[in-house]
$ cat upload16.cif   # mmCIF, C-alpha atoms
data_target
#
loop_
_atom_site.label_atom_id
_atom_site.label_comp_id
_atom_site.auth_asym_id
_atom_site.auth_seq_id
_atom_site.Cartn_x
_atom_site.Cartn_y
_atom_site.Cartn_z
CA MET P 1 5.76 -27.30 -25.23
CA VAL P 2 2.22 -26.85 -26.59
CA PHE P 3 -0.74 -26.27 -24.31
CA SER P 4 -4.11 -27.71 -25.25
CA SER P 5 -6.90 -25.40 -26.31
CA LEU P 6 -8.85 -26.62 -23.25
CA LEU P 7 -6.11 -25.39 -20.93
CA ILE P 8 -5.99 -21.99 -22.58
CA SER P 9 -9.77 -21.76 -22.57
CA THR P 10 -9.86 -22.63 -18.88
CA PHE P 11 -7.24 -20.01 -18.18
CA LEU P 12 -9.04 -17.30 -20.11
CA ALA P 13 -12.55 -18.16 -19.02
CA SER P 14 -11.49 -18.16 -15.37
CA SER P 15 -9.82 -14.81 -15.09
CA THR P 16 -11.34 -11.78 -13.46
CA ALA P 17 -7.85 -11.01 -12.30
CA PHE P 18 -6.68 -10.74 -15.88
CA ALA P 19 -9.34 -8.34 -17.12
CA PRO P 20 -8.28 -4.70 -17.45
CA GLN P 21 -9.48 -2.72 -14.44
CA HIS P 22 -11.39 0.52 -14.42
CA SER P 23 -10.19 2.65 -11.55
CA VAL P 24 -12.52 4.16 -8.97
CA ALA P 25 -12.53 7.38 -10.92
CA GLY P 26 -13.52 5.54 -14.12
CA ARG P 27 -10.16 5.66 -15.87
CA HIS P 28 -8.22 2.69 -17.20
CA ARG P 29 -5.12 1.68 -15.30
CA HIS P 30 -2.12 2.60 -17.41
CA ALA P 31 -0.40 -0.72 -16.70
CA SER P 32 -3.24 -2.87 -18.06
CA SER P 33 -2.43 -2.60 -21.76
CA THR P 34 1.21 -3.63 -21.37
CA ALA P 35 0.44 -6.42 -18.95
CA THR P 36 -2.35 -7.81 -21.12
CA THR P 37 -0.17 -7.74 -24.24
CA GLN P 38 2.63 -9.55 -22.42
CA LEU P 39 0.38 -12.36 -21.27
CA HIS P 40 -1.30 -12.66 -24.68
CA SER P 41 2.13 -13.16 -26.21
CA TYR P 42 3.05 -15.60 -23.49
CA LEU P 43 -0.05 -17.74 -24.02
CA ASP P 44 0.41 -17.55 -27.78
CA SER P 45 3.95 -18.89 -27.51
CA LEU P 46 2.79 -21.78 -25.35
CA ASN P 47 -0.18 -22.71 -27.50
CA GLY P 48 1.50 -22.28 -30.85
CA ALA P 49 -1.57 -20.47 -32.16
CA SER P 50 -1.47 -18.22 -35.18
CA SER P 51 -2.70 -15.25 -33.19
CA PRO P 52 -3.11 -14.50 -29.48
CA PRO P 53 -6.53 -14.26 -27.84
CA THR P 54 -8.04 -10.80 -27.96
CA SER P 55 -9.63 -10.63 -24.53
CA PHE P 56 -9.74 -12.22 -21.12
CA GLY P 57 -12.81 -13.54 -19.39
CA GLU P 58 -13.77 -13.00 -15.78
CA ILE P 59 -14.05 -15.09 -12.66
CA VAL P 60 -17.50 -14.56 -11.20
CA THR P 61 -17.17 -14.07 -7.45
CA ASP P 62 -19.17 -12.35 -4.74
CA GLY P 63 -16.73 -9.43 -4.78
CA GLY P 64 -16.70 -9.06 -8.56
CA ILE P 65 -12.91 -9.08 -8.51
CA ASN P 66 -11.34 -7.37 -11.47
CA ASP P 67 -7.84 -6.17 -10.62
CA ILE P 68 -4.71 -5.75 -12.72
CA CYS P 69 -2.44 -6.44 -9.73
CA ALA P 70 -4.05 -9.86 -9.37
CA PHE P 71 -3.43 -10.32 -13.08
CA ASP P 72 0.25 -9.52 -12.69
CA ALA P 73 0.67 -11.69 -9.58
CA ALA P 74 -1.09 -14.74 -11.05
CA SER P 75 0.70 -14.54 -14.39
CA SER P 76 4.06 -14.21 -12.63
CA SER P 77 3.27 -17.25 -10.49
CA ILE P 78 2.25 -19.26 -13.55
CA LYS P 79 5.39 -18.32 -15.45
CA THR P 80 7.57 -19.22 -12.46
CA GLN P 81 5.91 -22.62 -12.19
CA ILE P 82 6.54 -23.37 -15.87
CA SER P 83 10.13 -22.13 -15.63
CA ASN P 84 10.85 -24.29 -12.58
CA SER P 85 8.91 -27.42 -13.49
CA GLY P 86 8.61 -27.30 -17.27
CA SER P 87 4.81 -27.45 -17.26
CA ILE P 88 1.64 -26.47 -15.46
CA SER P 89 -1.78 -28.06 -15.55
CA ALA P 90 -5.09 -26.38 -16.26
CA SER P 91 -6.21 -26.96 -12.68
CA GLU P 92 -3.01 -25.40 -11.33
CA ILE P 93 -3.54 -22.35 -13.52
CA HIS P 94 -7.08 -22.05 -12.22
CA ASN P 95 -5.81 -22.34 -8.63
CA ARG P 96 -3.24 -19.58 -9.12
CA ILE P 97 -5.89 -17.27 -10.55
CA ALA P 98 -8.32 -18.12 -7.74
CA GLN P 99 -5.58 -17.50 -5.16
CA ALA P 100 -4.86 -14.06 -6.61
CA ASN P 101 -8.55 -13.22 -6.48
CA GLN P 102 -8.74 -14.32 -2.84
CA VAL P 103 -5.90 -11.96 -1.97
CA VAL P 104 -7.62 -9.02 -3.64
CA SER P 105 -10.99 -9.94 -2.13
CA LEU P 106 -9.52 -9.99 1.38
CA THR P 107 -7.75 -6.69 0.76
CA ARG P 108 -10.88 -4.97 -0.48
CA GLN P 109 -12.96 -6.40 2.36
CA HIS P 110 -10.76 -4.92 5.07
CA PHE P 111 -9.26 -1.92 3.25
CA PRO P 112 -11.90 -0.40 0.95
CA GLY P 113 -10.41 1.75 -1.78
CA ALA P 114 -6.97 0.18 -1.53
CA LEU P 115 -5.04 0.15 -4.81
CA GLY P 116 -1.70 -1.05 -6.07
CA SER P 117 1.22 1.25 -5.29
CA SER P 118 1.79 2.13 -8.94
CA GLU P 119 -1.85 3.21 -9.34
CA ILE P 120 -1.64 5.30 -6.17
CA LEU P 121 1.42 7.03 -7.59
CA ARG P 122 -0.34 7.71 -10.89
CA ARG P 123 -3.30 9.35 -9.20
CA VAL P 124 -1.27 11.41 -6.74
CA LYS P 125 1.10 12.49 -9.50
CA GLY P 126 -1.89 13.52 -11.61
CA VAL P 127 -3.04 15.90 -8.87
CA LEU P 128 0.44 17.33 -8.43
CA ASP P 129 0.76 17.86 -12.18
CA GLY P 130 -2.54 19.74 -12.08
CA TYR P 131 -1.01 22.14 -9.59
CA ALA P 132 2.05 22.48 -11.85
CA VAL P 133 4.32 22.10 -8.84
CA GLU P 134 8.00 21.45 -9.31
CA ASN P 135 10.96 21.15 -6.99
CA ILE P 136 9.21 19.03 -4.36
CA LEU P 137 11.13 17.86 -1.32
CA LEU P 138 9.64 14.60 -0.07
CA THR P 139 9.47 13.39 3.50
CA GLN P 140 8.15 10.04 4.65
CA SER P 141 6.91 8.89 8.03
CA VAL P 142 6.85 5.14 7.46
CA CYS P 143 7.86 2.24 9.68
CA PRO P 144 11.56 1.33 9.14
CA ASP P 145 10.70 -2.35 8.52
CA GLU P 146 12.60 -3.42 5.39
CA ILE P 147 9.44 -4.80 3.75
CA ASN P 148 8.17 -1.22 3.46
CA HIS P 149 11.16 -0.05 1.45
CA GLU P 150 11.61 -2.60 -1.31
CA HIS P 151 11.81 -1.85 -5.00
CA GLY P 152 8.34 -0.99 -6.31
CA ASP P 153 6.87 -0.19 -2.89
CA ILE P 154 5.03 3.11 -2.55
CA THR P 155 7.98 4.52 -0.60
CA ASP P 156 10.35 3.69 -3.46
CA LEU P 157 7.96 4.95 -6.15
CA PHE P 158 7.37 8.25 -4.38
CA ILE P 159 11.08 8.84 -3.83
CA GLU P 160 11.86 8.36 -7.51
CA ASN P 161 8.81 10.02 -9.06
CA ILE P 162 7.87 12.76 -6.59
CA GLY P 163 11.02 13.41 -4.57
CA GLY P 164 13.45 13.30 -7.47
CA GLY P 165 15.41 10.52 -5.79
CA LYS P 166 15.63 12.26 -2.41
CA VAL P 167 13.76 11.75 0.87
CA PHE P 168 13.89 13.02 4.45
CA HIS P 169 12.77 10.44 7.02
CA LEU P 170 10.43 11.48 9.83
CA GLY P 171 9.12 8.11 10.93
CA GLY P 172 9.90 5.56 13.58
CA LEU P 173 8.06 2.45 14.73
CA ALA P 174 4.63 1.97 13.12
CA GLY P 175 5.16 5.01 10.91
CA VAL P 176 4.64 7.49 13.76
CA PRO P 177 6.66 10.71 13.12
CA PHE P 178 8.80 10.39 16.21
CA THR P 179 11.34 12.96 14.99
CA GLY P 180 8.72 15.50 16.08
CA LYS P 181 8.78 19.25 15.58
CA THR P 182 12.57 19.27 15.44
CA GLY P 183 12.57 16.69 12.66
CA PHE P 184 9.90 18.44 10.63
CA GLY P 185 11.60 21.79 11.21
CA ALA P 186 14.88 20.41 9.89
CA TYR P 187 13.13 18.87 6.89
CA SER P 188 11.14 21.97 5.98
CA ALA P 189 14.26 24.14 6.31
CA HIS P 190 15.70 22.13 3.42
CA VAL P 191 12.86 23.05 1.03
CA ALA P 192 14.13 25.29 -1.74
CA GLU P 193 12.89 28.84 -2.21
CA GLY P 194 9.86 28.50 -4.44
CA GLY P 195 9.78 24.77 -3.70
CA HIS P 196 7.11 22.63 -2.10
CA ALA P 197 6.86 19.99 0.61
CA PHE P 198 5.18 16.58 0.37
CA VAL P 199 4.56 14.35 3.39
CA LEU P 200 3.73 10.65 3.10
CA GLN P 201 2.62 9.21 6.45
CA ALA P 202 1.53 5.60 6.84
CA PRO P 203 1.62 2.63 9.18
CA HIS P 204 1.76 -0.80 7.59
CA ILE P 205 0.16 -4.20 7.88
CA GLY P 206 1.32 -7.50 6.44
CA MET P 207 -0.65 -10.28 4.78
CA SER P 208 0.94 -13.72 5.01
CA ASP P 209 0.94 -16.44 2.36
CA ASP P 210 -1.85 -18.03 4.43
CA LEU P 211 -3.88 -14.81 3.98
CA VAL P 212 -3.55 -13.84 7.63
CA LEU P 213 -3.50 -10.10 8.30
CA GLY P 214 -0.92 -8.77 10.74
CA LYS P 215 1.63 -11.35 9.63
CA TYR P 216 4.11 -11.53 6.76
CA SER P 217 5.95 -14.45 5.16
CA ARG P 218 9.55 -13.22 5.02
CA GLU P 219 12.14 -14.79 2.76
CA GLY P 220 14.27 -17.39 4.50
CA GLN P 221 11.90 -17.89 7.43
CA SER P 222 9.81 -21.03 7.87
CA SER P 223 6.86 -19.28 9.47
CA ALA P 224 5.20 -15.89 9.13
CA GLY P 225 6.02 -13.16 11.63
CA SER P 226 4.18 -10.07 12.84
CA ALA P 227 3.88 -6.99 10.65
CA CYS P 228 3.70 -4.39 12.01
CA GLY P 229 5.53 -6.07 14.87
CA ALA P 230 5.52 -2.94 17.03
CA ALA P 231 1.77 -2.37 16.68
CA VAL P 232 0.95 -6.04 17.26
CA GLY P 233 3.33 -6.16 20.22
CA ALA P 234 1.71 -3.10 21.78
CA MET P 235 -1.77 -4.59 21.37
CA CYS P 236 -0.68 -7.91 22.88
CA HIS P 237 0.90 -6.09 25.84
CA CYS P 238 -2.37 -4.33 26.56
CA ALA P 239 -4.56 -7.38 25.92
CA ALA P 240 -2.53 -9.36 28.46
CA GLY P 241 -3.25 -6.75 31.13
CA ASN P 242 0.40 -5.87 31.58
CA PRO P 243 1.18 -2.59 33.38
CA MET P 244 1.72 0.55 31.36
CA PRO P 245 5.42 1.43 31.01
CA ASP P 246 6.74 4.64 32.52
CA LEU P 247 7.17 7.06 29.61
CA ALA P 248 8.90 9.70 31.70
CA GLY P 249 11.35 7.34 33.35
CA THR P 250 12.62 5.30 30.38
CA SER P 251 14.60 6.30 27.33
CA ASP P 252 15.91 3.02 25.93
CA ASP P 253 12.60 2.01 24.31
CA TYR P 254 10.55 5.20 24.21
CA GLN P 255 8.88 4.60 20.86
CA MET P 256 7.50 1.20 21.85
CA ASN P 257 6.39 2.49 25.24
CA PHE P 258 4.58 5.37 23.54
CA LEU P 259 2.78 2.94 21.23
CA ILE P 260 1.70 0.79 24.17
CA HIS P 261 0.17 3.83 25.86
CA GLU P 262 -1.62 4.96 22.71
CA ILE P 263 -2.89 1.50 21.72
CA GLY P 264 -4.05 1.05 25.30
CA LYS P 265 -6.40 4.00 24.90
CA ARG P 266 -7.95 2.29 21.87
CA MET P 267 -8.36 -1.29 23.05
CA SER P 268 -12.16 -1.04 23.15
CA ALA P 269 -12.20 -0.64 19.37
CA LEU P 270 -10.01 -3.73 18.99
CA GLU P 271 -11.77 -5.98 21.48
CA ASN P 272 -15.10 -5.76 19.64
CA CYS P 273 -13.82 -7.06 16.29
CA ALA P 274 -15.52 -10.13 14.81
CA ASP P 275 -12.36 -12.10 13.96
CA GLU P 276 -8.58 -11.87 14.00
CA ASN P 277 -8.23 -10.42 10.50
CA SER P 278 -10.76 -7.73 11.35
CA LYS P 279 -8.87 -6.98 14.56
CA GLN P 280 -5.57 -6.62 12.72
CA ALA P 281 -7.14 -4.34 10.11
CA GLU P 282 -8.62 -2.20 12.89
CA LEU P 283 -5.23 -2.11 14.60
CA ALA P 284 -3.74 -0.66 11.42
CA ARG P 285 -6.48 1.99 11.33
CA GLN P 286 -5.95 2.90 14.98
CA THR P 287 -2.19 3.10 14.39
CA SER P 288 -2.87 5.41 11.47
CA HIS P 289 -4.85 7.69 13.79
CA ILE P 290 -1.95 7.74 16.23
CA GLY P 291 0.53 8.70 13.53
CA ARG P 292 -1.72 11.31 11.97
CA GLU P 293 -2.47 12.94 15.32
CA MET P 294 1.23 13.42 15.99
CA LEU P 295 1.83 14.57 12.44
CA ASP P 296 -0.80 17.30 12.76
CA GLN P 297 0.99 18.58 15.85
CA ILE P 298 4.30 19.07 14.07
CA LEU P 299 3.29 20.31 10.61
CA SER P 300 4.05 23.87 9.57
CA THR P 301 4.05 25.92 6.38
CA ASN P 302 7.00 27.98 7.58
CA PHE P 303 9.26 27.17 4.62
CA GLY P 304 10.00 28.22 1.07
CA ASP P 305 8.36 31.41 -0.15
CA ALA P 306 4.85 32.85 -0.37
CA ASN P 307 3.83 30.39 -3.09
CA SER P 308 5.19 27.25 -1.42
CA MET P 309 2.63 24.57 -0.54
CA LEU P 310 2.52 21.59 1.82
CA PHE P 311 0.96 18.38 0.47
CA VAL P 312 0.00 15.79 3.10
CA PHE P 313 -0.90 12.21 2.14
CA ASN P 314 -1.95 9.65 4.74
CA GLY P 315 -2.96 6.00 4.44
CA ILE P 316 -2.12 2.39 5.24
CA GLN P 317 0.63 0.46 3.46
CA ILE P 318 -0.31 -3.19 2.90
CA ASN P 319 2.56 -5.65 2.49
CA MET P 320 1.11 -8.18 0.06
CA PRO P 321 1.92 -11.90 -0.29
CA PHE P 322 3.21 -13.87 -3.27
CA ASP P 323 4.08 -11.85 -6.37
CA PHE P 324 1.75 -8.93 -5.62
CA GLU P 325 2.94 -5.37 -5.60
CA ASP P 326 2.15 -3.74 -2.28
CA TYR P 327 -1.24 -2.08 -1.95
CA PHE P 328 -2.03 1.21 -0.24
CA GLN P 329 -5.30 2.38 1.27
CA PRO P 330 -5.51 6.18 0.94
CA LEU P 331 -7.19 7.84 3.91
CA SER P 332 -6.56 11.55 3.40
CA PHE P 333 -4.88 13.85 0.89
CA GLU P 334 -4.74 17.62 1.24
CA VAL P 335 -2.69 20.70 0.45
CA ARG P 336 -1.99 23.47 2.93
CA LYS P 337 -1.20 26.95 1.69
CA LYS P 338 0.55 29.94 3.20
CA ASP P 339 -2.72 31.85 3.68
CA GLY P 340 -3.88 29.15 6.10
CA SER P 341 -6.32 27.52 3.71
CA VAL P 342 -6.52 23.75 3.37
CA VAL P 343 -7.80 22.11 0.18
CA ASP P 344 -9.04 18.52 0.32
CA LEU P 345 -7.58 16.65 -2.66
CA PHE P 346 -8.95 13.21 -1.82
CA ASN P 347 -11.93 13.19 -4.15
CA GLU P 348 -9.90 14.63 -7.01
CA ALA P 349 -7.32 11.89 -6.68
CA PHE P 350 -9.47 8.91 -5.78
CA GLY P 351 -13.01 9.80 -6.83
CA TYR P 352 -14.87 8.84 -3.68
#
$ encode --input "upload16.cif" --output "structure tokens"
Amino acid sequence: MVFSSLLISTFLASSTAFAPQHSVAGRHRHASSTATTQLHSYLDSLNGASSPPTSFGEIVTDGGINDICAFDAASSSIKTQISNSGSISASEIHNRIAQANQVVSLTRQHFPGALGSSEILRRVKGVLDGYAVENILLTQSVCPDEINHEHGDITDLFIENIGGGKVFHLGGLAGVPFTGKTGFGAYSAHVAEGGHAFVLQAPHIGMSDDLVLGKYSREGQSSAGSACGAAVGAMCHCAAGNPMPDLAGTSDDYQMNFLIHEIGKRMSALENCADENSKQAELARQTSHIGREMLDQILSTNFGDANSMLFVFNGIQINMPFDFEDYFQPLSFEVRKKDGSVVDLFNEAFGY
């Protein structure tokens, strides 16, 4: 099958998503070269040209979208369409690219500084390499929802590339570290002598195929469902004016009851949002505050030896639609040392 030069030109001239991205810190994303080469070869094979194009154009949008994850998602969607149907039109290609840009635009609007999980890993790993730390034991306080623990998610990437394939789980609903001081004490007691601890704490928020925040289009289901369901459920409970559950008198649903109480304290921030997507994004931020507040109560550097350090990374995991890798909005990154000092690593890692 040979594509017309007009189709290829339309594809190339339309693509901000397919231009290599400069990161916030001014460095090229490592994935861009491989991804660009793959799509060049792909287009070359379709067009039958003697040589692939040497560059990609840009879509001009209000947000100036230029994101390698959009590139990957759109190209995957285009390839799938051709594989399933045998062809794709120039207008369909343009629509797939535009759709990918809309996803990134919405993400950047509500979660400034959010990046693809693989780029987050690269930057965090770069900081850790600068400290020359080895033998890190990883713990994660992330919601148990299965969409947070798929291959290529930040949880998976951190386990393999920071934790050496191992992880201790602190989190319960909404990523709140419900295992408490006992859980963190058990985790930190497992850190090797001379080793270090790394904590990833994050709530999550879904984005449906209809670009609705707070929902996620799960495989095998005809309609999108809530994500994070616990956080959304707690907000709805409070918005409906339902009575606060008795935390002291119930044990069969303590985590949800705790969330209802904590979200209830923050409803004023949610009620003033301009639209539903803004409200869901604010809910994720408020849930992050809840998780981080509990985390700060249970953290300790009582592990390892005199040189052992505690790295703490907090943010919001964004479950993306279509063929996107999940994004992550970093909110804080620091290292705590045995002398009581705390070093802010956020600017070093993310440049803002």
$ resolve_selection --input "upload16.cif" --expression "the PyMOL selection byres ((chain P and resi 179-183) around 9)" --output "CSV table (one decimal) with C-alpha atoms, in the frame of the given file"
chain,number,residue,atom,x,y,z
P,169,HIS,CA,12.8,10.4,7.0
P,170,LEU,CA,10.4,11.5,9.8
P,171,GLY,CA,9.1,8.1,10.9
P,172,GLY,CA,9.9,5.6,13.6
P,176,VAL,CA,4.6,7.5,13.8
P,177,PRO,CA,6.7,10.7,13.1
P,178,PHE,CA,8.8,10.4,16.2
P,184,PHE,CA,9.9,18.4,10.6
P,185,GLY,CA,11.6,21.8,11.2
P,186,ALA,CA,14.9,20.4,9.9
P,187,TYR,CA,13.1,18.9,6.9
P,188,SER,CA,11.1,22.0,6.0
P,294,MET,CA,1.2,13.4,16.0
P,295,LEU,CA,1.8,14.6,12.4
P,297,GLN,CA,1.0,18.6,15.8
P,298,ILE,CA,4.3,19.1,14.1
P,299,LEU,CA,3.3,20.3,10.6
P,300,SER,CA,4.0,23.9,9.6
$ residues_around --input "upload16.cif" --residues "segment 270-275 of chain P" --least-positions-apart "2" --cutoff "12 Å" --atoms "only C-alpha atoms" --output "number ranges by chain"
P: 110, 212-213, 232, 235-236, 238-239, 263-268, 277-287
$ residues_around --input "upload16.cif" --residues "Ala197 of chain P" --least-positions-apart "3" --cutoff "7 Å" --atoms "only C-alpha atoms" --output "list of chain:residue names"
P:Ile136, P:Leu137, P:Leu138, P:Val191, P:Met309, P:Leu310, P:Phe311
$ residues_around --input "upload16.cif" --residues "segment 121-130 of chain P" --least-positions-apart "6" --cutoff "9 Å" --atoms "only C-alpha atoms" --output "list in words"
Arg29, His30, Ile154, Leu157, Phe158, Asn161, Ile162, Phe311, Phe313, Phe333, Leu345, Glu348, Ala349 and Phe350 of chain P
$ write_last_selection --input "upload16.cif" --atoms "C-alpha atoms" --output "mmCIF file, keeping the file's coordinate frame"
data_model
loop_
_atom_site.group_PDB
_atom_site.id
_atom_site.type_symbol
_atom_site.label_atom_id
_atom_site.label_comp_id
_atom_site.auth_asym_id
_atom_site.auth_seq_id
_atom_site.Cartn_x
_atom_site.Cartn_y
_atom_site.Cartn_z
ATOM 1 C CA ARG P 29 -5.120 1.680 -15.300
ATOM 2 C CA HIS P 30 -2.120 2.600 -17.410
ATOM 3 C CA ILE P 154 5.030 3.110 -2.550
ATOM 4 C CA LEU P 157 7.960 4.950 -6.150
ATOM 5 C CA PHE P 158 7.370 8.250 -4.380
ATOM 6 C CA ASN P 161 8.810 10.020 -9.060
ATOM 7 C CA ILE P 162 7.870 12.760 -6.590
ATOM 8 C CA PHE P 311 0.960 18.380 0.470
ATOM 9 C CA PHE P 313 -0.900 12.210 2.140
ATOM 10 C CA PHE P 333 -4.880 13.850 0.890
ATOM 11 C CA LEU P 345 -7.580 16.650 -2.660
ATOM 12 C CA GLU P 348 -9.900 14.630 -7.010
ATOM 13 C CA ALA P 349 -7.320 11.890 -6.680
ATOM 14 C CA PHE P 350 -9.470 8.910 -5.780
#
$ closest_residue --input "upload16.cif" --among "P:Phe258, P:Gly195, P:Asn242, P:Lys338" --to "Ala132 of chain P" --atoms "only C-alpha atoms"
P:Gly195
$ closest_residue --input "upload16.cif" --among "P:Ile147, P:Ile159, P:Ala189, P:Ala100" --to "Gly225 of chain P" --atoms "only C-alpha atoms"
P:Ile147
$ residues_around --input "upload16.cif" --residues "segment 113-118 of chain P" --least-positions-apart "3" --cutoff "7 Å" --atoms "all atoms listed in the file" --output "list in words"
Cys69, Arg108, Leu121, Arg122, Asp153, Ile154, Glu325, Asp326, Tyr327, Phe328, Gln329 and Pro330 of chain P
$ closest_residue --input "upload16.cif" --among "P:Ala306, P:Val167, P:Phe324, P:Gly206" --to "Phe71 of chain P" --atoms "all atoms listed in the file"
P:Phe324
$ atom_distance --input "upload16.cif" --atom1 "atom CA of Gly241 of chain P" --atom2 "atom CA of Gly229 of chain P"
18.5 Å
$ atom_distance --input "upload16.cif" --atom1 "atom CA of His149 of chain P" --atom2 "atom CA of Asn319 of chain P"
10.3 Å
$ resolve_selection --input "upload16.cif" --expression "the PyMOL selection byres ((chain P and resi 200) around 9)" --output "short mmCIF file (atom, residue, chain, number, x, y, z; two decimals) with C-alpha atoms, in the coordinates of the input"
data_model
loop_
_atom_site.label_atom_id
_atom_site.label_comp_id
_atom_site.auth_asym_id
_atom_site.auth_seq_id
_atom_site.Cartn_x
_atom_site.Cartn_y
_atom_site.Cartn_z
CA LEU P 138 9.64 14.60 -0.07
CA THR P 139 9.47 13.39 3.50
CA GLN P 140 8.15 10.04 4.65
CA SER P 141 6.91 8.89 8.03
CA VAL P 142 6.85 5.14 7.46
CA THR P 155 7.98 4.52 -0.60
CA PHE P 158 7.37 8.25 -4.38
CA PHE P 198 5.18 16.58 0.37
CA VAL P 199 4.56 14.35 3.39
CA GLN P 201 2.62 9.21 6.45
CA ALA P 202 1.53 5.60 6.84
CA PHE P 311 0.96 18.38 0.47
CA VAL P 312 0.00 15.79 3.10
CA PHE P 313 -0.90 12.21 2.14
CA ASN P 314 -1.95 9.65 4.74
CA GLY P 315 -2.96 6.00 4.44
#
$ atom_distance --input "upload16.cif" --atom1 "atom CA of Ile68 of chain P" --atom2 "atom CA of Ala174 of chain P"
28.5 Å
$ closest_residue --input "upload16.cif" --among "P:Asp296, P:Asp156, P:Asp145, P:Glu334" --to "Ala227 of chain P" --atoms "all atoms listed in the file"
P:Asp145
$ residues_near_point --input "upload16.cif" --point "(1.3, -17.7, 0.2)" --cutoff "10 Å" --atoms "all atoms listed in the file" --output "VMD selection string"
chain P and resid 99 to 100 103 207 to 212 216 to 217 224 320 to 323
$ decode --input "upload16.cif" --residues "segment 306-319 of chain P" --atoms "N, CA and C atoms" --output "PDB file, in the first residue's frame"
ATOM      1  N   ALA P 306      24.868   5.408  59.612  1.00  0.00           N
ATOM      2  CA  ALA P 306      25.005   6.864  59.699  1.00  0.00           C
ATOM      3  C   ALA P 306      24.938   7.550  58.346  1.00  0.00           C
ATOM      4  N   ASN P 307      25.222   6.843  57.278  1.00  0.00           N
ATOM      5  CA  ASN P 307      25.231   7.436  55.945  1.00  0.00           C
ATOM      6  C   ASN P 307      23.938   7.183  55.158  1.00  0.00           C
ATOM      7  N   SER P 308      23.015   6.438  55.754  1.00  0.00           N
ATOM      8  CA  SER P 308      21.773   6.114  55.056  1.00  0.00           C
ATOM      9  C   SER P 308      20.903   7.360  54.905  1.00  0.00           C
ATOM     10  N   MET P 309      20.216   7.457  53.773  1.00  0.00           N
ATOM     11  CA  MET P 309      19.376   8.615  53.477  1.00  0.00           C
ATOM     12  C   MET P 309      17.964   8.167  53.109  1.00  0.00           C
ATOM     13  N   LEU P 310      17.015   9.083  53.329  1.00  0.00           N
ATOM     14  CA  LEU P 310      15.608   8.842  53.013  1.00  0.00           C
ATOM     15  C   LEU P 310      15.180   9.812  51.908  1.00  0.00           C
ATOM     16  N   PHE P 311      14.850   9.269  50.748  1.00  0.00           N
ATOM     17  CA  PHE P 311      14.358  10.071  49.627  1.00  0.00           C
ATOM     18  C   PHE P 311      12.832   9.983  49.610  1.00  0.00           C
ATOM     19  N   VAL P 312      12.177  11.135  49.485  1.00  0.00           N
ATOM     20  CA  VAL P 312      10.713  11.191  49.521  1.00  0.00           C
ATOM     21  C   VAL P 312      10.227  11.930  48.275  1.00  0.00           C
ATOM     22  N   PHE P 313       9.403  11.251  47.488  1.00  0.00           N
ATOM     23  CA  PHE P 313       8.906  11.795  46.218  1.00  0.00           C
ATOM     24  C   PHE P 313       7.379  11.736  46.228  1.00  0.00           C
ATOM     25  N   ASN P 314       6.766  12.887  46.015  1.00  0.00           N
ATOM     26  CA  ASN P 314       5.312  13.007  46.108  1.00  0.00           C
ATOM     27  C   ASN P 314       4.762  13.658  44.843  1.00  0.00           C
ATOM     28  N   GLY P 315       3.600  13.187  44.382  1.00  0.00           N
ATOM     29  CA  GLY P 315       2.990  13.785  43.202  1.00  0.00           C
ATOM     30  C   GLY P 315       1.622  13.195  42.941  1.00  0.00           C
ATOM     31  N   ILE P 316       1.138  13.370  41.716  1.00  0.00           N
ATOM     32  CA  ILE P 316      -0.164  12.857  41.314  1.00  0.00           C
ATOM     33  C   ILE P 316       0.003  11.990  40.075  1.00  0.00           C
ATOM     34  N   GLN P 317      -0.447  10.746  40.162  1.00  0.00           N
ATOM     35  CA  GLN P 317      -0.405   9.827  39.032  1.00  0.00           C
ATOM     36  C   GLN P 317      -1.646  10.044  38.171  1.00  0.00           C
ATOM     37  N   ILE P 318      -1.443  10.220  36.867  1.00  0.00           N
ATOM     38  CA  ILE P 318      -2.540  10.508  35.953  1.00  0.00           C
ATOM     39  C   ILE P 318      -2.704   9.331  35.002  1.00  0.00           C
ATOM     40  N   ASN P 319      -3.821   8.630  35.128  1.00  0.00           N
ATOM     41  CA  ASN P 319      -4.118   7.481  34.270  1.00  0.00           C
ATOM     42  C   ASN P 319      -4.650   8.001  32.946  1.00  0.00           C
TER      43      ASN P 319
END
